[in-house]
Structure formats: C-alpha cells, structure tokens
$ cat target10.pdb   # PDB, C-alpha atoms, pLDDT in the B column
MODEL        1
ATOM      1  CA  MET A   1     -15.661 -22.952  13.424  1.00 53.00           C
ATOM      2  CA  ARG A   2     -12.942 -23.425  10.823  1.00 73.00           C
ATOM      3  CA  SER A   3      -9.470 -24.577  11.789  1.00 81.00           C
ATOM      4  CA  THR A   4      -6.426 -22.363  11.411  1.00 83.00           C
ATOM      5  CA  GLU A   5      -5.213 -24.600   8.571  1.00 86.00           C
ATOM      6  CA  GLU A   6      -8.496 -24.119   6.718  1.00 89.00           C
ATOM      7  CA  ILE A   7      -8.262 -20.363   7.139  1.00 89.00           C
ATOM      8  CA  VAL A   8      -4.663 -20.342   5.878  1.00 91.00           C
ATOM      9  CA  GLU A   9      -5.718 -22.332   2.787  1.00 93.00           C
ATOM     10  CA  SER A  10      -8.613 -19.926   2.246  1.00 92.00           C
ATOM     11  CA  LEU A  11      -6.195 -16.989   2.426  1.00 93.00           C
ATOM     12  CA  ARG A  12      -3.786 -18.746   0.035  1.00 93.00           C
ATOM     13  CA  ALA A  13      -6.623 -19.284  -2.472  1.00 92.00           C
ATOM     14  CA  ALA A  14      -7.739 -15.656  -2.229  1.00 91.00           C
ATOM     15  CA  LEU A  15      -4.193 -14.380  -2.721  1.00 91.00           C
ATOM     16  CA  THR A  16      -3.643 -16.727  -5.659  1.00 90.00           C
ATOM     17  CA  SER A  17      -6.826 -15.507  -7.332  1.00 87.00           C
ATOM     18  CA  ALA A  18      -5.414 -11.970  -7.029  1.00 86.00           C
ATOM     19  CA  GLY A  19      -2.157 -13.135  -8.613  1.00 84.00           C
ATOM     20  CA  ILE A  20      -0.151 -13.087  -5.381  1.00 89.00           C
ATOM     21  CA  VAL A  21       1.919 -15.986  -4.105  1.00 89.00           C
ATOM     22  CA  LEU A  22       3.354 -15.964  -0.581  1.00 92.00           C
ATOM     23  CA  PRO A  23       5.477 -19.136  -0.590  1.00 88.00           C
ATOM     24  CA  SER A  24       6.111 -19.043   3.169  1.00 91.00           C
ATOM     25  CA  LEU A  25       2.426 -18.675   4.139  1.00 93.00           C
ATOM     26  CA  THR A  26       1.789 -21.175   6.941  1.00 92.00           C
ATOM     27  CA  VAL A  27       0.425 -21.703  10.440  1.00 90.00           C
ATOM     28  CA  ASP A  28       2.932 -20.467  13.037  1.00 89.00           C
ATOM     29  CA  PRO A  29       4.350 -23.677  14.547  1.00 87.00           C
ATOM     30  CA  VAL A  30       5.048 -22.177  17.993  1.00 87.00           C
ATOM     31  CA  THR A  31       1.509 -20.938  18.638  1.00 84.00           C
ATOM     32  CA  ALA A  32      -0.011 -24.015  16.985  1.00 83.00           C
ATOM     33  CA  ALA A  33       1.842 -26.238  19.469  1.00 84.00           C
ATOM     34  CA  THR A  34       0.408 -24.415  22.503  1.00 81.00           C
ATOM     35  CA  GLY A  35      -3.065 -25.809  21.942  1.00 72.00           C
ATOM     36  CA  GLU A  36      -4.617 -22.349  21.625  1.00 72.00           C
ATOM     37  CA  PRO A  37      -7.746 -22.478  19.467  1.00 72.00           C
ATOM     38  CA  PHE A  38      -6.472 -19.644  17.283  1.00 76.00           C
ATOM     39  CA  ALA A  39      -2.840 -20.093  16.308  1.00 85.00           C
ATOM     40  CA  LEU A  40      -1.088 -17.225  14.555  1.00 90.00           C
ATOM     41  CA  VAL A  41      -0.659 -17.161  10.795  1.00 90.00           C
ATOM     42  CA  ASP A  42       2.886 -16.634   9.541  1.00 91.00           C
ATOM     43  CA  LEU A  43       2.685 -14.661   6.314  1.00 90.00           C
ATOM     44  CA  GLY A  44       6.366 -15.317   5.671  1.00 86.00           C
ATOM     45  CA  ARG A  45       8.754 -13.367   3.553  1.00 86.00           C
ATOM     46  CA  CYS A  46       8.261 -12.045   0.028  1.00 87.00           C
ATOM     47  CA  ASN A  47      10.191  -9.966  -2.467  1.00 87.00           C
ATOM     48  CA  ILE A  48       9.474  -6.292  -3.031  1.00 88.00           C
ATOM     49  CA  ARG A  49       7.464  -6.890  -6.232  1.00 87.00           C
ATOM     50  CA  THR A  50       5.104  -9.237  -4.389  1.00 88.00           C
ATOM     51  CA  ALA A  51       4.750  -6.737  -1.528  1.00 88.00           C
ATOM     52  CA  GLU A  52       3.972  -3.943  -4.011  1.00 89.00           C
ATOM     53  CA  ARG A  53       1.372  -6.087  -5.779  1.00 88.00           C
ATOM     54  CA  LEU A  54      -0.235  -7.047  -2.449  1.00 89.00           C
ATOM     55  CA  ALA A  55      -0.467  -3.363  -1.459  1.00 90.00           C
ATOM     56  CA  SER A  56      -2.024  -2.548  -4.831  1.00 89.00           C
ATOM     57  CA  VAL A  57      -4.663  -5.262  -4.424  1.00 89.00           C
ATOM     58  CA  LEU A  58      -5.463  -4.119  -0.885  1.00 89.00           C
ATOM     59  CA  ARG A  59      -5.904  -0.537  -2.114  1.00 88.00           C
ATOM     60  CA  GLY A  60      -8.420  -1.891  -4.631  1.00 87.00           C
ATOM     61  CA  GLU A  61      -6.433  -0.764  -7.663  1.00 89.00           C
ATOM     62  CA  ARG A  62      -7.590  -2.438 -10.856  1.00 88.00           C
ATOM     63  CA  PRO A  63      -5.629  -3.849 -12.501  1.00 92.00           C
ATOM     64  CA  PRO A  64      -3.084  -4.370  -9.711  1.00 91.00           C
ATOM     65  CA  VAL A  65       0.526  -3.258 -10.024  1.00 92.00           C
ATOM     66  CA  GLY A  66       2.627  -5.910 -11.746  1.00 89.00           C
ATOM     67  CA  THR A  67      -0.193  -7.200 -13.940  1.00 90.00           C
ATOM     68  CA  HIS A  68       0.412  -7.593 -17.669  1.00 94.00           C
ATOM     69  CA  VAL A  69      -2.255  -5.859 -19.733  1.00 96.00           C
ATOM     70  CA  ARG A  70      -3.084  -4.702 -23.249  1.00 97.00           C
ATOM     71  CA  ASP A  71      -3.888  -1.106 -24.125  1.00 97.00           C
ATOM     72  CA  ALA A  72      -7.055  -1.541 -26.210  1.00 96.00           C
ATOM     73  CA  ARG A  73      -6.464   1.768 -27.984  1.00 97.00           C
ATOM     74  CA  ASP A  74      -3.410   0.551 -29.910  1.00 96.00           C
ATOM     75  CA  GLY A  75      -2.812  -3.069 -28.817  1.00 95.00           C
ATOM     76  CA  ARG A  76       0.441  -2.416 -26.963  1.00 95.00           C
ATOM     77  CA  LEU A  77       1.311  -4.756 -24.103  1.00 95.00           C
ATOM     78  CA  GLY A  78       2.502  -3.321 -20.835  1.00 96.00           C
ATOM     79  CA  GLU A  79       3.085  -3.999 -17.177  1.00 95.00           C
ATOM     80  CA  VAL A  80       1.065  -1.939 -14.708  1.00 95.00           C
ATOM     81  CA  MET A  81       3.513   0.292 -12.832  1.00 94.00           C
ATOM     82  CA  GLY A  82       1.046   2.431 -10.904  1.00 93.00           C
ATOM     83  CA  HIS A  83      -2.166   4.422 -10.812  1.00 93.00           C
ATOM     84  CA  VAL A  84      -1.917   8.216 -10.893  1.00 92.00           C
ATOM     85  CA  GLY A  85      -4.593  10.810 -11.511  1.00 91.00           C
ATOM     86  CA  GLY A  86      -7.161   8.279 -12.653  1.00 91.00           C
ATOM     87  CA  ALA A  87      -4.823   6.807 -15.273  1.00 95.00           C
ATOM     88  CA  VAL A  88      -3.060   3.464 -15.315  1.00 96.00           C
ATOM     89  CA  GLN A  89       0.682   3.816 -15.863  1.00 96.00           C
ATOM     90  CA  LEU A  90       2.075   1.140 -18.171  1.00 97.00           C
ATOM     91  CA  ARG A  91       5.616   0.195 -19.155  1.00 96.00           C
ATOM     92  CA  PRO A  92       6.350  -1.840 -22.302  1.00 94.00           C
ATOM     93  CA  LEU A  93       7.179  -5.475 -21.509  1.00 89.00           C
ATOM     94  CA  GLY A  94      10.486  -5.136 -23.320  1.00 82.00           C
ATOM     95  CA  GLY A  95      11.369  -2.030 -21.309  1.00 84.00           C
ATOM     96  CA  GLY A  96      11.141   1.572 -22.375  1.00 90.00           C
ATOM     97  CA  ARG A  97       9.157   4.695 -21.702  1.00 95.00           C
ATOM     98  CA  GLU A  98       5.979   4.457 -19.627  1.00 96.00           C
ATOM     99  CA  TRP A  99       2.658   5.734 -20.897  1.00 97.00           C
ATOM    100  CA  ASP A 100      -0.694   6.550 -19.318  1.00 97.00           C
ATOM    101  CA  CYS A 101      -3.824   4.657 -20.260  1.00 97.00           C
ATOM    102  CA  PRO A 102      -7.431   5.253 -19.205  1.00 96.00           C
ATOM    103  CA  PRO A 103      -8.647   2.368 -17.000  1.00 94.00           C
ATOM    104  CA  GLU A 104     -11.497   1.574 -19.381  1.00 95.00           C
ATOM    105  CA  SER A 105      -8.968   0.912 -22.183  1.00 96.00           C
ATOM    106  CA  VAL A 106      -7.005  -1.677 -20.205  1.00 96.00           C
ATOM    107  CA  GLY A 107      -7.654  -5.359 -20.809  1.00 94.00           C
ATOM    108  CA  PRO A 108      -5.887  -8.598 -19.951  1.00 92.00           C
ATOM    109  CA  ALA A 109      -2.827  -9.509 -21.988  1.00 94.00           C
ATOM    110  CA  PRO A 110      -2.875 -12.965 -23.565  1.00 93.00           C
ATOM    111  CA  PRO A 111      -0.226 -15.130 -21.831  1.00 92.00           C
ATOM    112  CA  GLU A 112       1.286 -16.257 -25.145  1.00 94.00           C
ATOM    113  CA  GLU A 113       1.869 -12.637 -26.186  1.00 92.00           C
ATOM    114  CA  VAL A 114       3.465 -11.830 -22.818  1.00 92.00           C
ATOM    115  CA  LEU A 115       5.793 -14.820 -23.268  1.00 93.00           C
ATOM    116  CA  ARG A 116       6.635 -13.717 -26.827  1.00 92.00           C
ATOM    117  CA  ALA A 117       7.501 -10.207 -25.619  1.00 88.00           C
ATOM    118  CA  ARG A 118       9.744 -11.595 -22.863  1.00 87.00           C
ATOM    119  CA  VAL A 119      11.549 -13.889 -25.316  1.00 91.00           C
ATOM    120  CA  ARG A 120      12.116 -10.955 -27.719  1.00 88.00           C
ATOM    121  CA  LYS A 121      13.614  -8.954 -24.848  1.00 85.00           C
ATOM    122  CA  LEU A 122      15.950 -11.799 -23.905  1.00 89.00           C
ATOM    123  CA  ASN A 123      16.980 -12.335 -27.532  1.00 91.00           C
ATOM    124  CA  ARG A 124      17.886  -8.638 -27.866  1.00 87.00           C
ATOM    125  CA  ARG A 125      20.237  -8.995 -24.904  1.00 85.00           C
TER     126      ARG A 125
ENDMDL
END
$ encode --input "target10.pdb" --output "structure tokens"
Amino acid sequence: MRSTEEIVESLRAALTSAGIVLPSLTVDPVTAATGEPFALVDLGRCNIRTAERLASVLRGERPPVGTHVRDARDGRLGEVMGHVGGAVQLRPLGGGREWDCPPESVGPAPPEEVLRARVRKLNRR
C-alpha cells in the first residue's frame, strides 16, 4: 500500500502533466498526526484560472481551457476560452475578438511564439 505522501506526489505529477499547478497541495497535517493510515489530502487554494482549467481537464475537454494553441487553418495563436457546440473557442494572445475553431484544426502553440505574442502585447501597452 502506498503512503499518503506517495499518493500526493502522484497526484501532483498527474496535475502537472495536465498543465495544472496547485501550489498548496499537501498532506493535511492534522489528520497525518493522528496516526490514521489514510490522512486527508489538502488540495489548497488556487486562483480562478487554475480552477477553470482543472474543471476543463476533469470534463475531458481537449485542449483544456487556458491552453495556448495554434489554429492550423491560418496559423493564428490563441488561448482556449471554452468548448461550445463541438468547436473550440479561441481568443488571440494579444487580446481581441474570439473565434471558433474545429477541434481537429487545433495544435500546440510553440512556447517561443507564445512568449513573442505576450511581449508584443506588453510593448503595445
């Protein structure tokens, strides 16, 4: 049987692979001190964007809300804002009007292009 600490680390790894970080994820110190074989896991606090992304992953939405992707049809980069009617709703990384994209046309956005788009947005400000 795995320890509570091992299970917490397994959960942390699974969340990280889904792009979710819960910084306060830990073993509950009160129940761990009682000597019970199964202490509680404290999932901690997270901001609303992390909670929304976690809900998206749990619903099985691909790609999850908050992910940066490329629309293969025209090369535009966008952030996944939702999934409606079989389409993935994307918003440009620099802000602007959302557009719908078929799921089969969505691919991962290269990190260097995401960074470039964020820098352009900051420079415009």
$ residues_near_point --input "target10.pdb" --point "(3.0, -20.7, 14.5)" --cutoff "7 Å" --atoms "all atoms listed in the file" --output "PyMOL selection string"
chain A and resi 27-32+39-42
$ write_last_selection --input "target10.pdb" --atoms "C-alpha atoms" --output "mmCIF file, keeping the file's coordinate frame"
data_model
loop_
_atom_site.group_PDB
_atom_site.id
_atom_site.type_symbol
_atom_site.label_atom_id
_atom_site.label_comp_id
_atom_site.auth_asym_id
_atom_site.auth_seq_id
_atom_site.Cartn_x
_atom_site.Cartn_y
_atom_site.Cartn_z
ATOM 1 C CA VAL A 27 0.425 -21.703 10.440
ATOM 2 C CA ASP A 28 2.932 -20.467 13.037
ATOM 3 C CA PRO A 29 4.350 -23.677 14.547
ATOM 4 C CA VAL A 30 5.048 -22.177 17.993
ATOM 5 C CA THR A 31 1.509 -20.938 18.638
ATOM 6 C CA ALA A 32 -0.011 -24.015 16.985
ATOM 7 C CA ALA A 39 -2.840 -20.093 16.308
ATOM 8 C CA LEU A 40 -1.088 -17.225 14.555
ATOM 9 C CA VAL A 41 -0.659 -17.161 10.795
ATOM 10 C CA ASP A 42 2.886 -16.634 9.541
#
$ residues_around --input "target10.pdb" --residues "A:Leu11" --least-positions-apart "5" --cutoff "10 Å" --atoms "all atoms listed in the file" --output "MDAnalysis selection string"
chainID A and resid 5:6 16:17 25 43
$ residues_around --input "target10.pdb" --residues "A:Gly44" --least-positions-apart "5" --cutoff "12 Å" --atoms "all atoms listed in the file" --output "list of chain:residue names"
A:Val21, A:Leu22, A:Pro23, A:Ser24, A:Leu25, A:Thr26, A:Val27, A:Asp28, A:Thr50, A:Ala51
$ closest_residue --input "target10.pdb" --among "A:Leu77, A:Arg97, A:Leu90, A:Leu122" --to "A:Pro110" --atoms "only C-alpha atoms"
A:Leu77
$ closest_residue --input "target10.pdb" --among "A:Arg53, A:His68, A:Arg59, A:Arg12" --to "A:Pro108" --atoms "only C-alpha atoms"
A:His68
$ resolve_selection --input "target10.pdb" --expression "the PyMOL selection byres ((chain A and resi 49) around 12)" --output "PDB file with C-alpha atoms, in the coordinates of the input"
ATOM      1  CA  GLY A  19      -2.157 -13.135  -8.613  1.00 84.00           C
ATOM      2  CA  ILE A  20      -0.151 -13.087  -5.381  1.00 89.00           C
ATOM      3  CA  VAL A  21       1.919 -15.986  -4.105  1.00 89.00           C
ATOM      4  CA  LEU A  22       3.354 -15.964  -0.581  1.00 92.00           C
ATOM      5  CA  ARG A  45       8.754 -13.367   3.553  1.00 86.00           C
ATOM      6  CA  CYS A  46       8.261 -12.045   0.028  1.00 87.00           C
ATOM      7  CA  ASN A  47      10.191  -9.966  -2.467  1.00 87.00           C
ATOM      8  CA  ILE A  48       9.474  -6.292  -3.031  1.00 88.00           C
ATOM      9  CA  THR A  50       5.104  -9.237  -4.389  1.00 88.00           C
ATOM     10  CA  ALA A  51       4.750  -6.737  -1.528  1.00 88.00           C
ATOM     11  CA  GLU A  52       3.972  -3.943  -4.011  1.00 89.00           C
ATOM     12  CA  ARG A  53       1.372  -6.087  -5.779  1.00 88.00           C
ATOM     13  CA  LEU A  54      -0.235  -7.047  -2.449  1.00 89.00           C
ATOM     14  CA  ALA A  55      -0.467  -3.363  -1.459  1.00 90.00           C
ATOM     15  CA  SER A  56      -2.024  -2.548  -4.831  1.00 89.00           C
ATOM     16  CA  PRO A  64      -3.084  -4.370  -9.711  1.00 91.00           C
ATOM     17  CA  VAL A  65       0.526  -3.258 -10.024  1.00 92.00           C
ATOM     18  CA  GLY A  66       2.627  -5.910 -11.746  1.00 89.00           C
ATOM     19  CA  THR A  67      -0.193  -7.200 -13.940  1.00 90.00           C
ATOM     20  CA  VAL A  80       1.065  -1.939 -14.708  1.00 95.00           C
ATOM     21  CA  MET A  81       3.513   0.292 -12.832  1.00 94.00           C
TER      22      MET A  81
END
$ residues_near_point --input "target10.pdb" --point "(-7.0, 6.6, -10.8)" --cutoff "10 Å" --atoms "all atoms listed in the file" --output "MDAnalysis selection string"
chainID A and resid 61:62 82:89 102:103
$ write_last_selection --input "target10.pdb" --atoms "C-alpha atoms" --output "PDB file, in the coordinates of the input"
ATOM      1  CA  GLU A  61      -6.433  -0.764  -7.663  1.00 89.00           C
ATOM      2  CA  ARG A  62      -7.590  -2.438 -10.856  1.00 88.00           C
ATOM      3  CA  GLY A  82       1.046   2.431 -10.904  1.00 93.00           C
ATOM      4  CA  HIS A  83      -2.166   4.422 -10.812  1.00 93.00           C
ATOM      5  CA  VAL A  84      -1.917   8.216 -10.893  1.00 92.00           C
ATOM      6  CA  GLY A  85      -4.593  10.810 -11.511  1.00 91.00           C
ATOM      7  CA  GLY A  86      -7.161   8.279 -12.653  1.00 91.00           C
ATOM      8  CA  ALA A  87      -4.823   6.807 -15.273  1.00 95.00           C
ATOM      9  CA  VAL A  88      -3.060   3.464 -15.315  1.00 96.00           C
ATOM     10  CA  GLN A  89       0.682   3.816 -15.863  1.00 96.00           C
ATOM     11  CA  PRO A 102      -7.431   5.253 -19.205  1.00 96.00           C
ATOM     12  CA  PRO A 103      -8.647   2.368 -17.000  1.00 94.00           C
TER      13      PRO A 103
END
$ resolve_selection --input "target10.pdb" --expression "the PyMOL selection byres ((chain A and resi 114-116) around 10)" --output "PyMOL selection string"
chain A and resi 68-70+77-79+93-94+109-113+117-122
$ atom_distance --input "target10.pdb" --atom1 "atom CA of A:Ser105" --atom2 "atom CA of A:Arg124"
29.1 Å
$ atom_distance --input "target10.pdb" --atom1 "atom CA of A:Leu58" --atom2 "atom CA of A:Glu104"
20.3 Å
$ atom_distance --input "target10.pdb" --atom1 "atom CA of A:Asn123" --atom2 "atom CA of A:Pro92"
15.8 Å
$ closest_residue --input "target10.pdb" --among "A:Glu9, A:Val57, A:Glu98, A:Val106" --to "A:Asp74" --atoms "only C-alpha atoms"
A:Val106
